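The block underneath contains the structure these notes are about, expressed in structure tokens.
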Amino acid sequence: MAQQQLEHVADLVQTGTTQGETIVRFERVRKAFGDLVVLDDLDFEVKAGEKLVIIGPSGSGKTTILRVLMTLERPDAGGVWVDGDYLFRVEKRGRLQRASERHVARVRTKIGMVFQHFNLFPHMSAHDNVAFAPNKVLGIPKGEAKDRAKALLESVGLGDKLDEKPSRLSGGQKQRVAIARALAMEPKVMLFDEVTSALDPELVGEVLNVLRELAHNTSMTMLLVTHEMGFAREIGDRVVMFDGGRVVEEAPPEELFSNPREERTKQFLHAVLDRT
Amino acid sequence: MWEWQVVWDSLPALWKGLQVTLQATFWGILLAMSLGLIFAIIRRVSPGVVRLPLIGVLEFIRSTPLLVQLFFLFYVLPNYGITLSGFETGVVALGVHFSTYTAEVYRAGIESVPRGQWEASTALSISPVQKWTRIVLPQAIPSVIPALGNYLVAMLKEAPLLSAVTVVDVLGEAQRICSRDFNCLEPYTMAGVLFLAISIPASFLARRLETRFGPTTA
Amino acid sequence: MFTESVIERLADGVWITIQLAVMAGAVGTAAAIVSGLAGLSSSRAVRWANQVYVDFFRGSSAIIQLYWAYYALPIIDRDLTFSPLQVGVVVLGLNMGGYGSEIVRGAVQSVSRGQYEASTALSIGGYQRMRYIIFPQAVLSMLPPYGNLLIEMLKGTALVSLITLADLTRVGLDLRQAGDLSSASAFTALLVIYFFLAISITFIVRRAERFARRSMGLEA
């Protein structure tokens with residue numbers, strides 16, 4: 001895909017956050033599935049505008065971080081704070097109480113997510129996939145939502161696929177529709193959950209190009225779980241090595257990749273880089 | 001309006017009628033289970049000239065109302081010298097009608113037996129009869145028991161139709177009391193209650209079969 | 001034999017049967033959707049009430065229900081007197097709903113979890129998620145068993161002849177009674193006409209299936 005097609009995607013994305021302030025905070029978050037502890041009193045922060053890459057062995061719970069943020073999983077304990085509000089709780093008379101579904105729904109709109117398996121709506125065209133939620137959820141008039149969706153799809157290089165159903169698109173094209181669909185809701189924080197893992201190798205590049213464009217040219221906060229180490233190194237402001245439900249080590253990419261401090265990180269990087 | 005005396009007076013007759021319903025269901029089930037198996041086997045072993053008409057006839061019987069089939073047997077067969085009682089007509093109609101469903105269930109079971117089993121039977125020179133009775137059916141039938149169970153309950157529910165061809169079953173008794181004494185509320189209500197008392201446990205049993213033998217293929 | 005007037009009367013019966021089937025089918029479809037979704041409700045009370053409905057109609061006999069609703073119900077209260085057509089539509093429809101309930105529930109449950117998660121990520125919640133995202137995808141897997149269910153319902157319409165409605169079966173019985181048709185021709189004609197109606201249902205449902213597959217972007 002030609003690079004110039006991507007040039008507008010940055011123009012279409014507005015985040016309205018102040019760079020550098022904390023926008024996401026996990027406070028001693030605990031989550032277990034049965035006996036398996038996937039988040040073990042996890043503490044960490046993300047700054048507005050930051051591009052945070054999360055790496056770690058599979059089954060280490062890194063996807064769960066994103067799923068908790070997207071409210072697809074509810075933590076067993078601890079607080080998740082997003083842009084001024086706790087996600088699952090509200091402060092009343094100085095104490096935290098379980099939040100109503102309405103509160104969760106309101107905070108949720110600040111977050112968007114792109115999935116490993118796309119999860120496009122198969123019965124809708126690419127155009128409707130992107131325009132549907134802005135129209136029905138945000139109440140943007142249909143024509144306007146459609147125009148914006150068209151612009152977003154053009155910006156990810158899919159201007160000629162507007163009326164195609166997902167089943168007629170390649171994996172890379174599907175994932176670009178999914179990115180446009182998430183962007184259309186204008187979230188402040190975007191979550192990318194192994195978005196290239198389900199793609200054939202030759203289709204990975206076109207998706208990474210879109211992510212690269214977003215990373216370099218927008219102030220959007222991005223959390224990426226990925227196995228693409230080269231890409232992590234290229235776009236990440238900070239890399240978090242995650243294992244056993246905890247942050248093993250975090251550092252700017254140059255440092256973490258060339259000079260890891262922890263033994264666990266070394267082993268992991270060794271295994272991953274050897275493999276590829 | 002509602003008189004318990006009428007209920008007590010009509011119960012013995014309704015109970016007798018319910019027994020007729022259950023008997024008809026029992027014989028109908030036997031007929032449907034065996035006839036369905038025969039159809040399923042014929043379908044599998046016979047050449048196209050036999051199979052295709054058979055499929056058509058089964059489809060025809062399955063797609064048309066049992067009530068009309070009942071009338072057909074009851075009023076038309078005597079023309080050909082076959083005179084059956086209402087009860088016998090009912091058993092045949094129930095059995096034949098539902099054999100078209102059980103045939104499909106058996107067919108799914110037979111088709112689920114892996115190819116290798118058929119080939120092994122041939123390789124070991126097992127006779128055709130033994131191939132079916134010793135190899136194929138013992139594997140095919142357990143998996144279809146839940147689906148069969150559902151149709152057996154369905155047969156029970158259709159059995160009161162027999163009252164339309166003069167059988168004095170549970171519904172027939174209720175009709176009799178209704179037209180004789182003009183007390184219709186109690187007998188019809190009690191007929192329904194008695195019927196539910198049998199059919200609800202029966203359908204729970206069918207559902208138990210389903211959880212016991214796993215999800216059904218048909 | 002099949003004189004013009006006999007054919008005319010059969011046609012009247014067919015028309016009644018079609019009307020009854022269409023109305024009962026509409027009631028049944030609505031009942032199946034409501035009941036199927038109620039079976040997935042997060043409220044225990046709703047699920048329980050729904051289970052009572054499903055078990056009652058799956059457990060009891062349609063013909064007894066028809067007799068009860070037509071002959072016994074008016075005795076409880078004269079205001080509960082309904083025409084045979086009304087009784088037929090409601091009883092056949094609710095029976096169909098009892099079976100359709102499981103079809104709807106199963107099909108909705110078969111829609112992948114990813115579709116629910118994508119909806120959550122886009123803040124598409126509750127009603128909108130079911131109406132626009134989940135249900136349209138479930139329709140495709142509902143259609144084949146729904147077609148069979150419609151045929152079972154059509155067969156059930158013959159029962160209303162026993163509560164005096166002049167449907168196809170009733171017309172056949174009357175023609176035979178009056179000597180206009182022999183038993184053999186009367187009942188053969190009925191069976192052939194019912195078979196033709198059943199085939200028409202199959203044909204329409206297949207068309208709907210093809211349409212649904214295409215709108216999912218699948219090959220027809």
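In the structure tokens, the first chain shown is A, the next is B, and so on; residue numbers restart at 1 for each chain, and ligands run from 1 in the order shown.
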May I have a table of the residues of chain C lying at most 12 Å from chain A, giving each one's closest pair of atoms and their distance in Å to one decimal, counting only C-alpha atoms, ordered by chain and ascending residue number, as JSON lines?
{"residue": "C:Val111", "atom": "CA", "partner": "A:Phe121", "partner_atom": "CA", "distance": 10.9}
{"residue": "C:Ser112", "atom": "CA", "partner": "A:Asn119", "partner_atom": "CA", "distance": 8.9}
{"residue": "C:Arg113", "atom": "CA", "partner": "A:Asn119", "partner_atom": "CA", "distance": 9.0}
{"residue": "C:Gly114", "atom": "CA", "partner": "A:Asn119", "partner_atom": "CA", "distance": 5.4}
{"residue": "C:Gln115", "atom": "CA", "partner": "A:Asn119", "partner_atom": "CA", "distance": 5.8}
{"residue": "C:Tyr116", "atom": "CA", "partner": "A:Asn119", "partner_atom": "CA", "distance": 8.9}
{"residue": "C:Glu117", "atom": "CA", "partner": "A:Leu72", "partner_atom": "CA", "distance": 6.7}
{"residue": "C:Ala118", "atom": "CA", "partner": "A:Asn119", "partner_atom": "CA", "distance": 6.0}
{"residue": "C:Ser119", "atom": "CA", "partner": "A:Ala133", "partner_atom": "CA", "distance": 8.7}
{"residue": "C:Thr120", "atom": "CA", "partner": "A:Leu72", "partner_atom": "CA", "distance": 7.5}
{"residue": "C:Ala121", "atom": "CA", "partner": "A:Gly112", "partner_atom": "CA", "distance": 5.9}
{"residue": "C:Leu122", "atom": "CA", "partner": "A:Ala133", "partner_atom": "CA", "distance": 6.3}
{"residue": "C:Ser123", "atom": "CA", "partner": "A:Thr109", "partner_atom": "CA", "distance": 6.3}
{"residue": "C:Ile124", "atom": "CA", "partner": "A:Val137", "partner_atom": "CA", "distance": 6.3}
{"residue": "C:Gly125", "atom": "CA", "partner": "A:Val137", "partner_atom": "CA", "distance": 8.6}
{"residue": "C:Gly126", "atom": "CA", "partner": "A:Glu101", "partner_atom": "CA", "distance": 11.1}
{"residue": "C:Tyr127", "atom": "CA", "partner": "A:Lys136", "partner_atom": "CA", "distance": 11.3}
{"residue": "C:Gln128", "atom": "CA", "partner": "A:Lys136", "partner_atom": "CA", "distance": 8.0}
{"residue": "C:Arg129", "atom": "CA", "partner": "A:Ala133", "partner_atom": "CA", "distance": 10.2}
{"residue": "C:Arg131", "atom": "CA", "partner": "A:Lys136", "partner_atom": "CA", "distance": 11.5}
{"residue": "C:Tyr132", "atom": "CA", "partner": "A:Phe132", "partner_atom": "CA", "distance": 9.3}
{"residue": "C:Ile133", "atom": "CA", "partner": "A:Phe121", "partner_atom": "CA", "distance": 7.0}
{"residue": "C:Ile134", "atom": "CA", "partner": "A:Phe121", "partner_atom": "CA", "distance": 9.1}
{"residue": "C:Phe135", "atom": "CA", "partner": "A:His123", "partner_atom": "CA", "distance": 10.6}
{"residue": "C:Pro136", "atom": "CA", "partner": "A:His123", "partner_atom": "CA", "distance": 7.4}
{"residue": "C:Gln137", "atom": "CA", "partner": "A:His123", "partner_atom": "CA", "distance": 6.7}
{"residue": "C:Ala138", "atom": "CA", "partner": "A:His123", "partner_atom": "CA", "distance": 10.5}
{"residue": "C:Val139", "atom": "CA", "partner": "A:His123", "partner_atom": "CA", "distance": 10.8}
{"residue": "C:Leu140", "atom": "CA", "partner": "A:His123", "partner_atom": "CA", "distance": 10.5}
{"residue": "C:Phe211", "atom": "CA", "partner": "A:His123", "partner_atom": "CA", "distance": 11.4}
{"residue": "C:Ala212", "atom": "CA", "partner": "A:His123", "partner_atom": "CA", "distance": 8.8}
{"residue": "C:Arg213", "atom": "CA", "partner": "A:His123", "partner_atom": "CA", "distance": 9.0}
{"residue": "C:Arg214", "atom": "CA", "partner": "A:His123", "partner_atom": "CA", "distance": 8.8}
{"residue": "C:Ser215", "atom": "CA", "partner": "A:His123", "partner_atom": "CA", "distance": 5.8}
{"residue": "C:Met216", "atom": "CA", "partner": "A:His123", "partner_atom": "CA", "distance": 4.2}
{"residue": "C:Gly217", "atom": "CA", "partner": "A:Lys165", "partner_atom": "CA", "distance": 5.3}
{"residue": "C:Leu218", "atom": "CA", "partner": "A:Ser167", "partner_atom": "CA", "distance": 6.9}
{"residue": "C:Glu219", "atom": "CA", "partner": "A:Ser167", "partner_atom": "CA", "distance": 9.6}
For the residues selected in the previous step, produce a file with N, CA and C atoms as an mmCIF file, in the first residue's frame.
data_model
loop_
_atom_site.group_PDB
_atom_site.id
_atom_site.type_symbol
_atom_site.label_atom_id
_atom_site.label_comp_id
_atom_site.auth_asym_id
_atom_site.auth_seq_id
_atom_site.Cartn_x
_atom_site.Cartn_y
_atom_site.Cartn_z
ATOM 1 N N VAL C 111 -23.788 -17.017 18.035
ATOM 2 C CA VAL C 111 -23.023 -15.873 17.532
ATOM 3 C C VAL C 111 -21.774 -15.717 18.405
ATOM 4 N N SER C 112 -20.628 -15.498 17.757
ATOM 5 C CA SER C 112 -19.368 -15.617 18.491
ATOM 6 C C SER C 112 -19.212 -14.519 19.544
ATOM 7 N N ARG C 113 -18.417 -14.847 20.559
ATOM 8 C CA ARG C 113 -18.199 -13.917 21.663
ATOM 9 C C ARG C 113 -17.519 -12.641 21.170
ATOM 10 N N GLY C 114 -16.708 -12.787 20.133
ATOM 11 C CA GLY C 114 -16.017 -11.621 19.580
ATOM 12 C C GLY C 114 -16.986 -10.532 19.142
ATOM 13 N N GLN C 115 -18.176 -10.922 18.685
ATOM 14 C CA GLN C 115 -19.158 -9.935 18.250
ATOM 15 C C GLN C 115 -19.696 -9.140 19.440
ATOM 16 N N TYR C 116 -19.862 -9.831 20.574
ATOM 17 C CA TYR C 116 -20.287 -9.125 21.788
ATOM 18 C C TYR C 116 -19.184 -8.172 22.241
ATOM 19 N N GLU C 117 -17.931 -8.664 22.169
ATOM 20 C CA GLU C 117 -16.819 -7.850 22.649
ATOM 21 C C GLU C 117 -16.608 -6.623 21.769
ATOM 22 N N ALA C 118 -16.729 -6.820 20.446
ATOM 23 C CA ALA C 118 -16.577 -5.674 19.553
ATOM 24 C C ALA C 118 -17.678 -4.652 19.840
ATOM 25 N N SER C 119 -18.887 -5.131 20.129
ATOM 26 C CA SER C 119 -19.983 -4.220 20.445
ATOM 27 C C SER C 119 -19.667 -3.424 21.710
ATOM 28 N N THR C 120 -19.184 -4.118 22.728
ATOM 29 C CA THR C 120 -18.813 -3.425 23.961
ATOM 30 C C THR C 120 -17.751 -2.370 23.680
ATOM 31 N N ALA C 121 -16.741 -2.747 22.888
ATOM 32 C CA ALA C 121 -15.651 -1.810 22.608
ATOM 33 C C ALA C 121 -16.164 -0.571 21.884
ATOM 34 N N LEU C 122 -17.281 -0.714 21.155
ATOM 35 C CA LEU C 122 -17.849 0.431 20.440
ATOM 36 C C LEU C 122 -19.019 1.042 21.212
ATOM 37 N N SER C 123 -19.172 0.640 22.468
ATOM 38 C CA SER C 123 -20.252 1.150 23.316
ATOM 39 C C SER C 123 -21.642 0.868 22.763
ATOM 40 N N ILE C 124 -21.757 -0.193 21.939
ATOM 41 C CA ILE C 124 -23.087 -0.586 21.463
ATOM 42 C C ILE C 124 -23.648 -1.529 22.507
ATOM 43 N N GLY C 125 -24.666 -1.097 23.230
ATOM 44 C CA GLY C 125 -25.107 -1.892 24.365
ATOM 45 C C GLY C 125 -26.518 -2.415 24.236
ATOM 46 N N GLY C 126 -26.872 -3.300 25.127
ATOM 47 C CA GLY C 126 -28.225 -3.792 25.353
ATOM 48 C C GLY C 126 -29.061 -4.000 24.113
ATOM 49 N N TYR C 127 -30.101 -3.199 23.989
ATOM 50 C CA TYR C 127 -31.064 -3.372 22.911
ATOM 51 C C TYR C 127 -30.421 -3.235 21.533
ATOM 52 N N GLN C 128 -29.607 -2.178 21.371
ATOM 53 C CA GLN C 128 -29.001 -1.953 20.052
ATOM 54 C C GLN C 128 -28.112 -3.117 19.643
ATOM 55 N N ARG C 129 -27.378 -3.656 20.633
ATOM 56 C CA ARG C 129 -26.491 -4.758 20.311
ATOM 57 C C ARG C 129 -27.300 -5.953 19.800
ATOM 58 N N ARG C 131 -30.437 -5.898 18.578
ATOM 59 C CA ARG C 131 -31.227 -5.563 17.401
ATOM 60 C C ARG C 131 -30.384 -5.471 16.125
ATOM 61 N N TYR C 132 -29.228 -4.845 16.240
ATOM 62 C CA TYR C 132 -28.467 -4.559 15.013
ATOM 63 C C TYR C 132 -27.272 -5.479 14.792
ATOM 64 N N ILE C 133 -26.704 -6.012 15.874
ATOM 65 C CA ILE C 133 -25.470 -6.788 15.708
ATOM 66 C C ILE C 133 -25.726 -8.294 15.840
ATOM 67 N N ILE C 134 -26.274 -8.716 16.964
ATOM 68 C CA ILE C 134 -26.348 -10.148 17.245
ATOM 69 C C ILE C 134 -27.477 -10.821 16.470
ATOM 70 N N PHE C 135 -28.693 -10.271 16.597
ATOM 71 C CA PHE C 135 -29.845 -10.956 16.010
ATOM 72 C C PHE C 135 -29.732 -11.151 14.499
ATOM 73 N N PRO C 136 -29.346 -10.099 13.739
ATOM 74 C CA PRO C 136 -29.238 -10.303 12.291
ATOM 75 C C PRO C 136 -28.286 -11.439 11.922
ATOM 76 N N GLN C 137 -27.233 -11.626 12.731
ATOM 77 C CA GLN C 137 -26.309 -12.713 12.435
ATOM 78 C C GLN C 137 -26.896 -14.063 12.819
ATOM 79 N N ALA C 138 -27.776 -14.055 13.827
ATOM 80 C CA ALA C 138 -28.356 -15.318 14.293
ATOM 81 C C ALA C 138 -29.397 -15.836 13.302
ATOM 82 N N VAL C 139 -30.004 -14.915 12.533
ATOM 83 C CA VAL C 139 -31.108 -15.304 11.655
ATOM 84 C C VAL C 139 -30.710 -16.433 10.712
ATOM 85 N N LEU C 140 -29.494 -16.364 10.172
ATOM 86 C CA LEU C 140 -29.069 -17.366 9.198
ATOM 87 C C LEU C 140 -29.140 -18.778 9.773
ATOM 88 N N PHE C 211 -31.010 -15.209 0.652
ATOM 89 C CA PHE C 211 -30.906 -13.770 0.880
ATOM 90 C C PHE C 211 -30.040 -13.493 2.108
ATOM 91 N N ALA C 212 -30.295 -14.259 3.181
ATOM 92 C CA ALA C 212 -29.542 -14.041 4.424
ATOM 93 C C ALA C 212 -28.060 -14.339 4.221
ATOM 94 N N ARG C 213 -27.768 -15.407 3.460
ATOM 95 C CA ARG C 213 -26.355 -15.735 3.217
ATOM 96 C C ARG C 213 -25.671 -14.610 2.449
ATOM 97 N N ARG C 214 -26.394 -14.099 1.440
ATOM 98 C CA ARG C 214 -25.795 -13.020 0.658
ATOM 99 C C ARG C 214 -25.552 -11.791 1.507
ATOM 100 N N SER C 215 -26.489 -11.487 2.382
ATOM 101 C CA SER C 215 -26.312 -10.261 3.168
ATOM 102 C C SER C 215 -25.243 -10.455 4.243
ATOM 103 N N MET C 216 -24.829 -11.684 4.479
ATOM 104 C CA MET C 216 -23.678 -11.921 5.349
ATOM 105 C C MET C 216 -22.401 -11.941 4.526
ATOM 106 N N GLY C 217 -22.536 -11.703 3.208
ATOM 107 C CA GLY C 217 -21.353 -11.718 2.358
ATOM 108 C C GLY C 217 -20.887 -13.127 2.040
ATOM 109 N N LEU C 218 -21.753 -14.132 2.277
ATOM 110 C CA LEU C 218 -21.372 -15.507 1.969
ATOM 111 C C LEU C 218 -21.908 -15.869 0.594
ATOM 112 N N GLU C 219 -21.288 -16.869 -0.019
ATOM 113 C CA GLU C 219 -21.772 -17.312 -1.320
ATOM 114 C C GLU C 219 -23.170 -17.895 -1.142
#
Query - Residues of stretch 141-197 of chain A in strand (DSSP E or B), written as a PyMOL selection string - result: chain A and resi 189-193
For the selection you just gave me, I'd like the residues written to a file as a PDB file, in the first residue's frame, keeping N, CA, C and O atoms.
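Written file, result_2.pdb:
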ATOM      1  N   VAL A 189      -7.928   6.762  24.279  1.00  0.00           N
ATOM      2  CA  VAL A 189      -6.928   5.703  24.429  1.00  0.00           C
ATOM      3  C   VAL A 189      -7.297   4.573  23.476  1.00  0.00           C
ATOM      4  O   VAL A 189      -8.456   4.152  23.428  1.00  0.00           O
ATOM      5  N   MET A 190      -6.305   4.115  22.694  1.00  0.00           N
ATOM      6  CA  MET A 190      -6.573   3.001  21.780  1.00  0.00           C
ATOM      7  C   MET A 190      -5.783   1.780  22.224  1.00  0.00           C
ATOM      8  O   MET A 190      -4.600   1.876  22.544  1.00  0.00           O
ATOM      9  N   LEU A 191      -6.468   0.646  22.226  1.00  0.00           N
ATOM     10  CA  LEU A 191      -5.845  -0.603  22.633  1.00  0.00           C
ATOM     11  C   LEU A 191      -5.697  -1.504  21.409  1.00  0.00           C
ATOM     12  O   LEU A 191      -6.649  -1.676  20.656  1.00  0.00           O
ATOM     13  N   PHE A 192      -4.517  -2.055  21.214  1.00  0.00           N
ATOM     14  CA  PHE A 192      -4.272  -2.936  20.073  1.00  0.00           C
ATOM     15  C   PHE A 192      -3.829  -4.291  20.608  1.00  0.00           C
ATOM     16  O   PHE A 192      -2.743  -4.425  21.146  1.00  0.00           O
ATOM     17  N   ASP A 193      -4.691  -5.291  20.464  1.00  0.00           N
ATOM     18  CA  ASP A 193      -4.413  -6.591  21.054  1.00  0.00           C
ATOM     19  C   ASP A 193      -3.886  -7.560  19.997  1.00  0.00           C
ATOM     20  O   ASP A 193      -4.661  -8.208  19.315  1.00  0.00           O
TER      21      ASP A 193
END
Report task. Tell me, in Å to one decimal, how far atom CA of A:His270 is from atom CA of A:Val210. Result -> 28.2 Å
Query raised in the report: Mind checking DSSP for stretch 121-273 of chain A and telling me the helix (DSSP H, G or I) residues as a PyMOL selection string?
Result: chain A and resi 126-136+142-155+166-168+171-183+201-217+229-235+253-258+263-273
Requested in this report: Using only C-alpha atoms, pick whichever of C:Arg210, C:Arg170, C:Arg105, C:Arg58 has the shortest atom-to-atom distance to B:Pro201.
Outcome: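 Closest to B:Pro201, using only C-alpha atoms: C:Arg58.
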Query - chain B residues near chain C (8 Å cut-off, only C-alpha atoms) as a ChimeraX atom specification - result: /B:1-2,60,63-69,71-72,75-76,157-158,160-161,164,171,184-186,188-189,191-192,195-196,199-200,203
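Coordinates place atom CA of B:Ala24 at a distance of 5.6 Å from atom CA of B:Val91.
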Query - Within 12 Å of stretch 33-37 of chain C using only C-alpha atoms, minus same-chain residues under 3 positions, as a PyMOL selection string - result: chain C and resi 26-30+40-43+46-55+57+94-109+126-127+130-131+134-135+138-139+142+146
Requested in this report: Would you kindly return, as an NGL selection string, each protein, DNA or RNA residue with an atom no farther than 12 Å from any atom of B:Ile42, considering only C-alpha atoms and excluding same-chain residues fewer than 3 positions away?
Outcome: :B and (35-39 or 45-55 or 103 or 106-107 or 110 or 132)
Next, write the just-selected residues to a file, as a PDB file, in the first residue's frame, keeping C-alpha atoms as the atom set.
ATOM      1  CA  LEU B  35     -40.619 -49.121  10.680  1.00  0.00           C
ATOM      2  CA  GLY B  36     -38.253 -46.146  10.826  1.00  0.00           C
ATOM      3  CA  LEU B  37     -35.271 -48.459  11.198  1.00  0.00           C
ATOM      4  CA  ILE B  38     -36.424 -50.536   8.239  1.00  0.00           C
ATOM      5  CA  PHE B  39     -36.849 -47.400   6.094  1.00  0.00           C
ATOM      6  CA  VAL B  45     -28.777 -50.406   0.847  1.00  0.00           C
ATOM      7  CA  SER B  46     -31.242 -50.105  -2.015  1.00  0.00           C
ATOM      8  CA  PRO B  47     -30.522 -48.851  -5.546  1.00  0.00           C
ATOM      9  CA  GLY B  48     -31.797 -45.486  -6.776  1.00  0.00           C
ATOM     10  CA  VAL B  49     -35.002 -46.880  -8.333  1.00  0.00           C
ATOM     11  CA  VAL B  50     -36.158 -47.902  -4.884  1.00  0.00           C
ATOM     12  CA  ARG B  51     -34.479 -45.209  -2.842  1.00  0.00           C
ATOM     13  CA  LEU B  52     -35.728 -42.112  -4.629  1.00  0.00           C
ATOM     14  CA  PRO B  53     -39.444 -43.038  -4.573  1.00  0.00           C
ATOM     15  CA  LEU B  54     -39.037 -44.053  -0.927  1.00  0.00           C
ATOM     16  CA  ILE B  55     -37.523 -40.683  -0.069  1.00  0.00           C
ATOM     17  CA  ALA B 103     -36.076 -42.899   9.812  1.00  0.00           C
ATOM     18  CA  TYR B 106     -31.621 -43.490  12.381  1.00  0.00           C
ATOM     19  CA  ARG B 107     -30.142 -42.301   9.106  1.00  0.00           C
ATOM     20  CA  ILE B 110     -25.970 -44.719  10.581  1.00  0.00           C
ATOM     21  CA  TRP B 132     -25.729 -54.439  10.344  1.00  0.00           C
TER      22      TRP B 132
END
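Near B:Gly90, within 9 Å and counting only C-alpha atoms, sit Ala24, Gly28, Leu70, Leu73, Phe74, Ser85, Gly95, Ala159, Leu161, Leu162, Val165 and Val167 of chain B, not including residues fewer than 5 positions from it in the same chain.
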Include C-alpha atoms and write out the residues we just selected as a PDB file, in the first residue's frame.
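What landed in selection-v6.pdb:
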ATOM      1  CA  ALA B  24     -52.158 -46.218  21.473  1.00  0.00           C
ATOM      2  CA  GLY B  28     -47.496 -46.443  17.878  1.00  0.00           C
ATOM      3  CA  LEU B  70     -55.933 -40.661   9.988  1.00  0.00           C
ATOM      4  CA  LEU B  73     -56.862 -44.670   6.612  1.00  0.00           C
ATOM      5  CA  PHE B  74     -60.154 -44.746   8.464  1.00  0.00           C
ATOM      6  CA  SER B  85     -61.007 -50.373  14.276  1.00  0.00           C
ATOM      7  CA  GLY B  95     -46.639 -45.307  13.746  1.00  0.00           C
ATOM      8  CA  ALA B 159     -52.232 -39.333  20.351  1.00  0.00           C
ATOM      9  CA  LEU B 161     -56.123 -36.948  17.752  1.00  0.00           C
ATOM     10  CA  LEU B 162     -57.419 -40.486  17.730  1.00  0.00           C
ATOM     11  CA  VAL B 165     -61.821 -41.391  14.444  1.00  0.00           C
ATOM     12  CA  VAL B 167     -61.555 -43.741  19.640  1.00  0.00           C
TER      13      VAL B 167
END
